[in-house]
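Engineer: This structure is in structure tokens; I'll ask about it shortly.
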Amino acid sequence: MTHSYYPWQNRHWQEVNSWIETGRLPHSLMLWGSSEIGKLDFAKVLAQRVLCSSPVESVACGQCKQCQLFTAGSHPDFMLLVPEEEGKAIKVDAIRPLAEFAGKTASQGGWRVIIVAPAEAMNTNSANALLKTLEEPGDQVLIVLVSHQPNRILPTIRSRCRLVSLPMPETATGCEWLQKASGKDMATCAAALDQAGGKPLRGLRIIESDLQERYREFTELMDRLENGQETILNAARSMVMLPHLDMVDALQRRIYGYVRSPLLQGQAKAEWVFRYLEKLSQVKRRLQSSSNPNPQLVWEEVLMDWKSVLDLAGLNTQVRDAQ
Ligand SMILES: [Zn+2]
């Protein structure tokens, strides 16, 4: 694992590092911002920096015993708490060992660092259990919460953390990084970054996976649905085979495309579209939650609602004419 942060995090890194160097590092930090912009990596780089015994130019040296233990994933003073499965809850059973860990003496004589990611995955019991540790952290204990949705975290937890909002990169910075990381040409990287909504790590995932092909399938499916060549039921059935969250993102981007197009200019009916976009955000949260919604039903609802919006806003005929 790399022991340096991403180029677009430079300013935030320098700030956090200055807290370390002047002995002002708080006991609890919350790193928040969009998903797939490298927040968890920032947290890990910070953990290694704090544990490293001889940092070089603000980052961990990567050489010392502490760094070796950290890189091997066996540092006894480091704890990473993530859900057992992506999208599932972090349960209270997982939080309990954390309290014990935070209460004991560091085995390497320095800091103990705990990362919880994403922090909104904690259910109420877990959050309450964590709160106790946050209220009375031991000496030299650093708890880093990583969050894409800080408003879903108990206010009592949020208020005990110093908030650090991590940014998305400028397009040029994101593209440059993506080129180095993927080894692909500029045009491929620019297209992937665009499909990723500007999130560089997602851009990399798109390049390294078959997501671009899936996006093409999605676009064809939506074209057919909007043209009345595909039923909602069939379209939902096809949608279930595609990666859900990425497809909800793709649908959001498609709709933003309509919002920017002349089709909606000057139309008070744009309100329907914005209300629908809000609904899509809720759908995304449902798909990310631990409630296990039935994907076929979710997609039927999403597509049916989109068809109604097209009808209400009088967009369907215009879309058809424009194609
Ligand atoms: Zn080191």
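Convention: chains lettered A, B, ... in structure tokens order; per-chain residue numbering from 1; ligands numbered from 1 as shown.
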Using DSSP on the backbone, list every residue of region 13-259 of chain A that comes out as alpha helix (DSSP H), and give them as a ChimeraX atom specification.
Structural biologist: /A:13-21,39-51,65-71,92-103,124-135,155-158,171-182,186-195,200-208,211-226,232-240,244-259
Engineer: Please save C-alpha atoms of the selected residues as a compact mmCIF listing (two decimals), in the first residue's frame.
Structural biologist:
```
# COMPACT_ATOMS: atom_id res chain seq x y z
CA TRP A 13 -2.81 16.79 4.41
CA GLN A 14 -0.53 19.71 5.24
CA GLU A 15 -3.09 21.00 7.70
CA VAL A 16 -3.58 17.66 9.48
CA ASN A 17 0.18 17.12 9.49
CA SER A 18 0.72 20.49 11.13
CA TRP A 19 -1.59 19.37 13.95
CA ILE A 20 0.61 16.30 14.45
CA GLU A 21 3.84 18.28 14.39
CA LYS A 39 -11.07 9.39 2.06
CA LEU A 40 -10.32 5.94 3.46
CA ASP A 41 -6.87 5.99 1.84
CA PHE A 42 -6.24 9.41 3.42
CA ALA A 43 -7.21 7.90 6.78
CA LYS A 44 -4.82 4.96 6.31
CA VAL A 45 -1.97 7.23 5.22
CA LEU A 46 -2.63 9.30 8.33
CA ALA A 47 -2.67 6.20 10.55
CA GLN A 48 0.66 5.06 9.16
CA ARG A 49 2.11 8.58 9.52
CA VAL A 50 1.08 8.68 13.18
CA LEU A 51 2.48 5.22 13.90
CA LYS A 65 9.54 -1.48 11.86
CA GLN A 66 6.24 0.32 12.52
CA CYS A 67 5.73 0.90 8.78
CA GLN A 68 6.57 -2.71 8.01
CA LEU A 69 4.04 -3.95 10.55
CA PHE A 70 1.48 -1.51 9.19
CA THR A 71 2.02 -2.47 5.54
CA VAL A 92 -22.16 -3.54 18.12
CA ASP A 93 -20.18 -6.77 18.47
CA ALA A 94 -17.53 -5.20 16.26
CA ILE A 95 -17.43 -2.00 18.32
CA ARG A 96 -16.92 -3.70 21.69
CA PRO A 97 -13.31 -4.82 21.02
CA LEU A 98 -12.64 -1.23 19.97
CA ALA A 99 -13.32 0.06 23.48
CA GLU A 100 -10.93 -2.50 24.91
CA PHE A 101 -8.32 -1.64 22.28
CA ALA A 102 -8.61 2.10 23.04
CA GLY A 103 -8.30 1.45 26.76
CA THR A 124 -27.74 2.88 16.82
CA ASN A 125 -26.31 0.35 19.26
CA SER A 126 -22.88 0.49 17.63
CA ALA A 127 -22.92 4.28 17.59
CA ASN A 128 -23.82 4.42 21.27
CA ALA A 129 -21.05 1.98 22.10
CA LEU A 130 -18.55 4.10 20.15
CA LEU A 131 -19.79 7.23 21.88
CA LYS A 132 -18.47 5.96 25.21
CA THR A 133 -14.97 5.62 23.77
CA LEU A 134 -15.22 9.04 22.11
CA GLU A 135 -16.20 10.63 25.40
CA PRO A 155 -25.10 14.42 16.16
CA THR A 156 -23.55 13.49 19.52
CA ILE A 157 -20.84 11.59 17.65
CA ARG A 158 -20.32 14.27 15.01
CA THR A 171 -10.80 17.75 -13.63
CA ALA A 172 -7.21 18.25 -14.82
CA THR A 173 -5.75 16.90 -11.57
CA GLY A 174 -8.14 13.93 -11.62
CA CYS A 175 -7.27 13.13 -15.25
CA GLU A 176 -3.55 13.38 -14.67
CA TRP A 177 -3.75 11.02 -11.69
CA LEU A 178 -5.97 8.61 -13.59
CA GLN A 179 -3.47 8.49 -16.47
CA LYS A 180 -0.64 7.57 -14.11
CA ALA A 181 -2.74 5.05 -12.18
CA SER A 182 -4.21 3.28 -15.22
CA MET A 186 -5.83 11.03 -21.98
CA ALA A 187 -9.09 10.54 -23.94
CA THR A 188 -9.93 7.24 -22.18
CA CYS A 189 -9.21 8.80 -18.79
CA ALA A 190 -11.23 11.94 -19.50
CA ALA A 191 -14.21 9.82 -20.59
CA ALA A 192 -13.95 7.55 -17.54
CA LEU A 193 -13.66 10.51 -15.17
CA ASP A 194 -16.72 12.06 -16.75
CA GLN A 195 -18.68 8.81 -16.40
CA PRO A 200 -11.13 9.62 -9.61
CA LEU A 201 -11.23 6.28 -7.79
CA ARG A 202 -14.48 5.42 -9.48
CA GLY A 203 -12.88 6.48 -12.78
CA LEU A 204 -10.15 3.93 -12.16
CA ARG A 205 -12.72 1.28 -11.30
CA ILE A 206 -14.53 2.03 -14.57
CA ILE A 207 -11.32 1.64 -16.57
CA GLU A 208 -10.26 -1.55 -14.82
CA LEU A 211 -18.33 -0.86 -16.36
CA GLN A 212 -18.00 1.07 -19.62
CA GLU A 213 -19.70 -1.84 -21.40
CA ARG A 214 -22.40 -1.90 -18.68
CA TYR A 215 -22.99 1.85 -19.18
CA ARG A 216 -23.50 1.21 -22.90
CA GLU A 217 -26.10 -1.48 -22.11
CA PHE A 218 -27.80 0.94 -19.74
CA THR A 219 -27.95 3.71 -22.35
CA GLU A 220 -29.43 1.42 -24.99
CA LEU A 221 -31.99 0.10 -22.51
CA MET A 222 -33.05 3.59 -21.44
CA ASP A 223 -33.29 4.76 -25.07
CA ARG A 224 -35.61 1.85 -25.82
CA LEU A 225 -37.68 2.43 -22.69
CA GLU A 226 -38.11 6.14 -23.34
CA ILE A 232 -41.03 -1.29 -17.69
CA LEU A 233 -41.11 -4.89 -16.47
CA ASN A 234 -38.57 -6.06 -19.03
CA ALA A 235 -36.36 -3.05 -18.56
CA ALA A 236 -36.37 -3.61 -14.78
CA ARG A 237 -35.46 -7.25 -15.34
CA SER A 238 -32.45 -6.23 -17.44
CA MET A 239 -31.49 -3.53 -14.95
CA VAL A 240 -31.29 -6.06 -12.11
CA HIS A 244 -27.25 -1.17 -9.06
CA LEU A 245 -25.54 1.84 -7.53
CA ASP A 246 -23.52 2.55 -10.67
CA MET A 247 -26.72 2.40 -12.71
CA VAL A 248 -28.57 4.78 -10.37
CA ASP A 249 -25.63 7.15 -10.86
CA ALA A 250 -25.87 6.67 -14.61
CA LEU A 251 -29.58 7.47 -14.50
CA GLN A 252 -28.89 10.62 -12.47
CA ARG A 253 -26.30 11.72 -15.03
CA ARG A 254 -28.69 11.00 -17.90
CA ILE A 255 -31.35 13.15 -16.25
CA TYR A 256 -28.88 15.98 -15.54
CA GLY A 257 -28.17 15.80 -19.26
CA TYR A 258 -31.86 16.51 -19.92
CA VAL A 259 -31.83 19.32 -17.37
```
Engineer: Could you list the protein, DNA and RNA residues that have any atom within 7 Å of ligand 1, counting only C-alpha atoms and all ligand atoms, and write them as a list in words?
Structural biologist: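 I would give the residues around ligand 1 as Cys52, Ser53, Ser54, Pro55, Ala60, Cys61, Gly62, Gln63, Cys64, Lys65, Gln66 and Cys67 of chain A.
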Engineer: Generate a file of the selected residues that holds N, CA, C and O atoms, formatted as a PDB file, in the first residue's frame.
Structural biologist:
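After the write, part-v4.pdb holds the following:
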```pdb
ATOM      1  N   CYS A  52       4.345   5.702  12.380  1.00  0.00           N
ATOM      2  CA  CYS A  52       5.725   5.622  11.875  1.00  0.00           C
ATOM      3  C   CYS A  52       6.704   6.256  12.865  1.00  0.00           C
ATOM      4  O   CYS A  52       6.417   7.290  13.459  1.00  0.00           O
ATOM      5  N   SER A  53       7.879   5.616  13.034  1.00  0.00           N
ATOM      6  CA  SER A  53       8.820   6.162  14.020  1.00  0.00           C
ATOM      7  C   SER A  53       9.785   7.186  13.408  1.00  0.00           C
ATOM      8  O   SER A  53      10.456   7.893  14.131  1.00  0.00           O
ATOM      9  N   SER A  54       9.867   7.278  12.076  1.00  0.00           N
ATOM     10  CA  SER A  54      10.725   8.318  11.494  1.00  0.00           C
ATOM     11  C   SER A  54      10.158   8.863  10.187  1.00  0.00           C
ATOM     12  O   SER A  54      10.671   8.547   9.103  1.00  0.00           O
ATOM     13  N   PRO A  55       9.076   9.647  10.282  1.00  0.00           N
ATOM     14  CA  PRO A  55       8.430  10.186   9.075  1.00  0.00           C
ATOM     15  C   PRO A  55       9.389  11.031   8.243  1.00  0.00           C
ATOM     16  O   PRO A  55      10.292  11.666   8.785  1.00  0.00           O
ATOM     17  N   ALA A  60       4.740   8.925   6.263  1.00  0.00           N
ATOM     18  CA  ALA A  60       5.441   7.779   6.863  1.00  0.00           C
ATOM     19  C   ALA A  60       6.639   7.395   5.999  1.00  0.00           C
ATOM     20  O   ALA A  60       6.623   7.553   4.780  1.00  0.00           O
ATOM     21  N   CYS A  61       7.682   6.848   6.640  1.00  0.00           N
ATOM     22  CA  CYS A  61       8.911   6.538   5.890  1.00  0.00           C
ATOM     23  C   CYS A  61       8.762   5.285   5.022  1.00  0.00           C
ATOM     24  O   CYS A  61       9.421   5.148   4.001  1.00  0.00           O
ATOM     25  N   GLY A  62       7.870   4.385   5.436  1.00  0.00           N
ATOM     26  CA  GLY A  62       7.700   3.156   4.654  1.00  0.00           C
ATOM     27  C   GLY A  62       8.771   2.113   4.934  1.00  0.00           C
ATOM     28  O   GLY A  62       8.745   1.032   4.348  1.00  0.00           O
ATOM     29  N   GLN A  63       9.739   2.428   5.800  1.00  0.00           N
ATOM     30  CA  GLN A  63      10.885   1.546   6.025  1.00  0.00           C
ATOM     31  C   GLN A  63      10.961   0.983   7.452  1.00  0.00           C
ATOM     32  O   GLN A  63      11.405  -0.146   7.645  1.00  0.00           O
ATOM     33  N   CYS A  64      10.584   1.816   8.416  1.00  0.00           N
ATOM     34  CA  CYS A  64      10.828   1.432   9.815  1.00  0.00           C
ATOM     35  C   CYS A  64       9.990   0.214  10.218  1.00  0.00           C
ATOM     36  O   CYS A  64       9.117  -0.225   9.471  1.00  0.00           O
ATOM     37  N   LYS A  65      10.240  -0.289  11.395  1.00  0.00           N
ATOM     38  CA  LYS A  65       9.538  -1.484  11.864  1.00  0.00           C
ATOM     39  C   LYS A  65       8.019  -1.228  11.923  1.00  0.00           C
ATOM     40  O   LYS A  65       7.221  -2.086  11.541  1.00  0.00           O
ATOM     41  N   GLN A  66       7.665  -0.020  12.417  1.00  0.00           N
ATOM     42  CA  GLN A  66       6.241   0.320  12.518  1.00  0.00           C
ATOM     43  C   GLN A  66       5.591   0.286  11.137  1.00  0.00           C
ATOM     44  O   GLN A  66       4.493  -0.237  10.959  1.00  0.00           O
ATOM     45  N   CYS A  67       6.264   0.871  10.149  1.00  0.00           N
ATOM     46  CA  CYS A  67       5.731   0.902   8.777  1.00  0.00           C
ATOM     47  C   CYS A  67       5.608  -0.508   8.216  1.00  0.00           C
ATOM     48  O   CYS A  67       4.637  -0.838   7.533  1.00  0.00           O
TER      49      CYS A  67
END
```
Engineer: Contacts of Gln140 (chain A) at 10 Å or less, counting only C-alpha atoms, minus same-chain residues fewer than 4 places along, as a compact mmCIF listing (two decimals) with all heavy atoms, in the first residue's frame?
Structural biologist:
```txt
# COMPACT_ATOMS: atom_id res chain seq x y z
N LEU A 25 -3.00 17.33 17.52
CA LEU A 25 -3.86 16.34 16.86
C LEU A 25 -5.01 15.97 17.80
O LEU A 25 -4.77 15.54 18.92
CB LEU A 25 -3.04 15.09 16.50
CG LEU A 25 -3.75 14.03 15.66
CD1 LEU A 25 -4.11 14.57 14.29
CD2 LEU A 25 -2.88 12.78 15.53
N PRO A 26 -6.27 16.16 17.35
CA PRO A 26 -7.39 15.82 18.24
C PRO A 26 -7.51 14.29 18.38
O PRO A 26 -6.91 13.54 17.62
CB PRO A 26 -8.61 16.40 17.53
CG PRO A 26 -8.22 16.54 16.11
CD PRO A 26 -6.73 16.67 16.06
N HIS A 27 -8.30 13.87 19.36
CA HIS A 27 -8.50 12.44 19.57
C HIS A 27 -9.43 11.83 18.51
O HIS A 27 -9.36 10.64 18.24
CB HIS A 27 -9.08 12.17 20.95
CG HIS A 27 -8.05 12.25 22.02
ND1 HIS A 27 -7.04 11.33 22.12
CD2 HIS A 27 -7.86 13.15 23.00
CE1 HIS A 27 -6.27 11.65 23.13
NE2 HIS A 27 -6.74 12.76 23.68
N VAL A 50 1.11 8.52 11.72
CA VAL A 50 1.08 8.68 13.18
C VAL A 50 1.86 7.57 13.87
O VAL A 50 2.54 7.78 14.87
CB VAL A 50 -0.39 8.73 13.67
CG1 VAL A 50 -0.47 8.59 15.18
CG2 VAL A 50 -1.05 10.04 13.24
N ALA A 102 -8.90 0.69 22.73
CA ALA A 102 -8.61 2.10 23.04
C ALA A 102 -8.18 2.27 24.49
O ALA A 102 -7.51 3.24 24.85
CB ALA A 102 -9.83 2.97 22.74
N THR A 105 -2.70 -0.10 26.84
CA THR A 105 -1.50 0.66 26.51
C THR A 105 -0.99 0.22 25.14
O THR A 105 -1.06 -0.96 24.81
CB THR A 105 -0.40 0.39 27.56
OG1 THR A 105 -1.01 0.46 28.84
CG2 THR A 105 0.72 1.40 27.46
N ALA A 106 -0.48 1.17 24.38
CA ALA A 106 0.04 0.83 23.06
C ALA A 106 1.18 -0.16 23.19
O ALA A 106 2.08 0.04 24.00
CB ALA A 106 0.51 2.09 22.35
N GLY A 109 4.39 1.43 22.18
CA GLY A 109 4.77 2.62 22.95
C GLY A 109 4.40 3.96 22.34
O GLY A 109 4.81 5.00 22.83
N GLY A 110 3.62 3.96 21.28
CA GLY A 110 3.22 5.25 20.68
C GLY A 110 1.71 5.40 20.67
O GLY A 110 1.05 5.12 21.67
N TRP A 111 1.19 5.85 19.54
CA TRP A 111 -0.24 6.05 19.39
C TRP A 111 -0.96 4.73 19.12
O TRP A 111 -0.35 3.76 18.67
CB TRP A 111 -0.51 6.98 18.21
CG TRP A 111 -0.25 8.42 18.50
CD1 TRP A 111 0.97 9.02 18.56
CD2 TRP A 111 -1.22 9.41 18.77
NE1 TRP A 111 0.82 10.35 18.84
CE2 TRP A 111 -0.52 10.62 18.98
CE3 TRP A 111 -2.61 9.42 18.87
CZ2 TRP A 111 -1.16 11.82 19.27
CZ3 TRP A 111 -3.25 10.61 19.15
CH2 TRP A 111 -2.54 11.80 19.36
N ARG A 112 -2.25 4.73 19.40
CA ARG A 112 -3.13 3.68 18.89
C ARG A 112 -4.13 4.36 17.96
O ARG A 112 -4.65 5.43 18.29
CB ARG A 112 -3.89 3.00 20.03
CG ARG A 112 -3.11 1.85 20.65
CD ARG A 112 -3.49 1.69 22.09
NE ARG A 112 -3.19 2.91 22.82
CZ ARG A 112 -3.90 3.35 23.84
NH1 ARG A 112 -4.94 2.71 24.26
NH2 ARG A 112 -3.55 4.46 24.45
N VAL A 113 -4.35 3.79 16.79
CA VAL A 113 -5.21 4.42 15.79
C VAL A 113 -6.34 3.48 15.39
O VAL A 113 -6.12 2.31 15.11
CB VAL A 113 -4.40 4.83 14.53
CG1 VAL A 113 -5.28 5.61 13.57
CG2 VAL A 113 -3.16 5.63 14.91
```
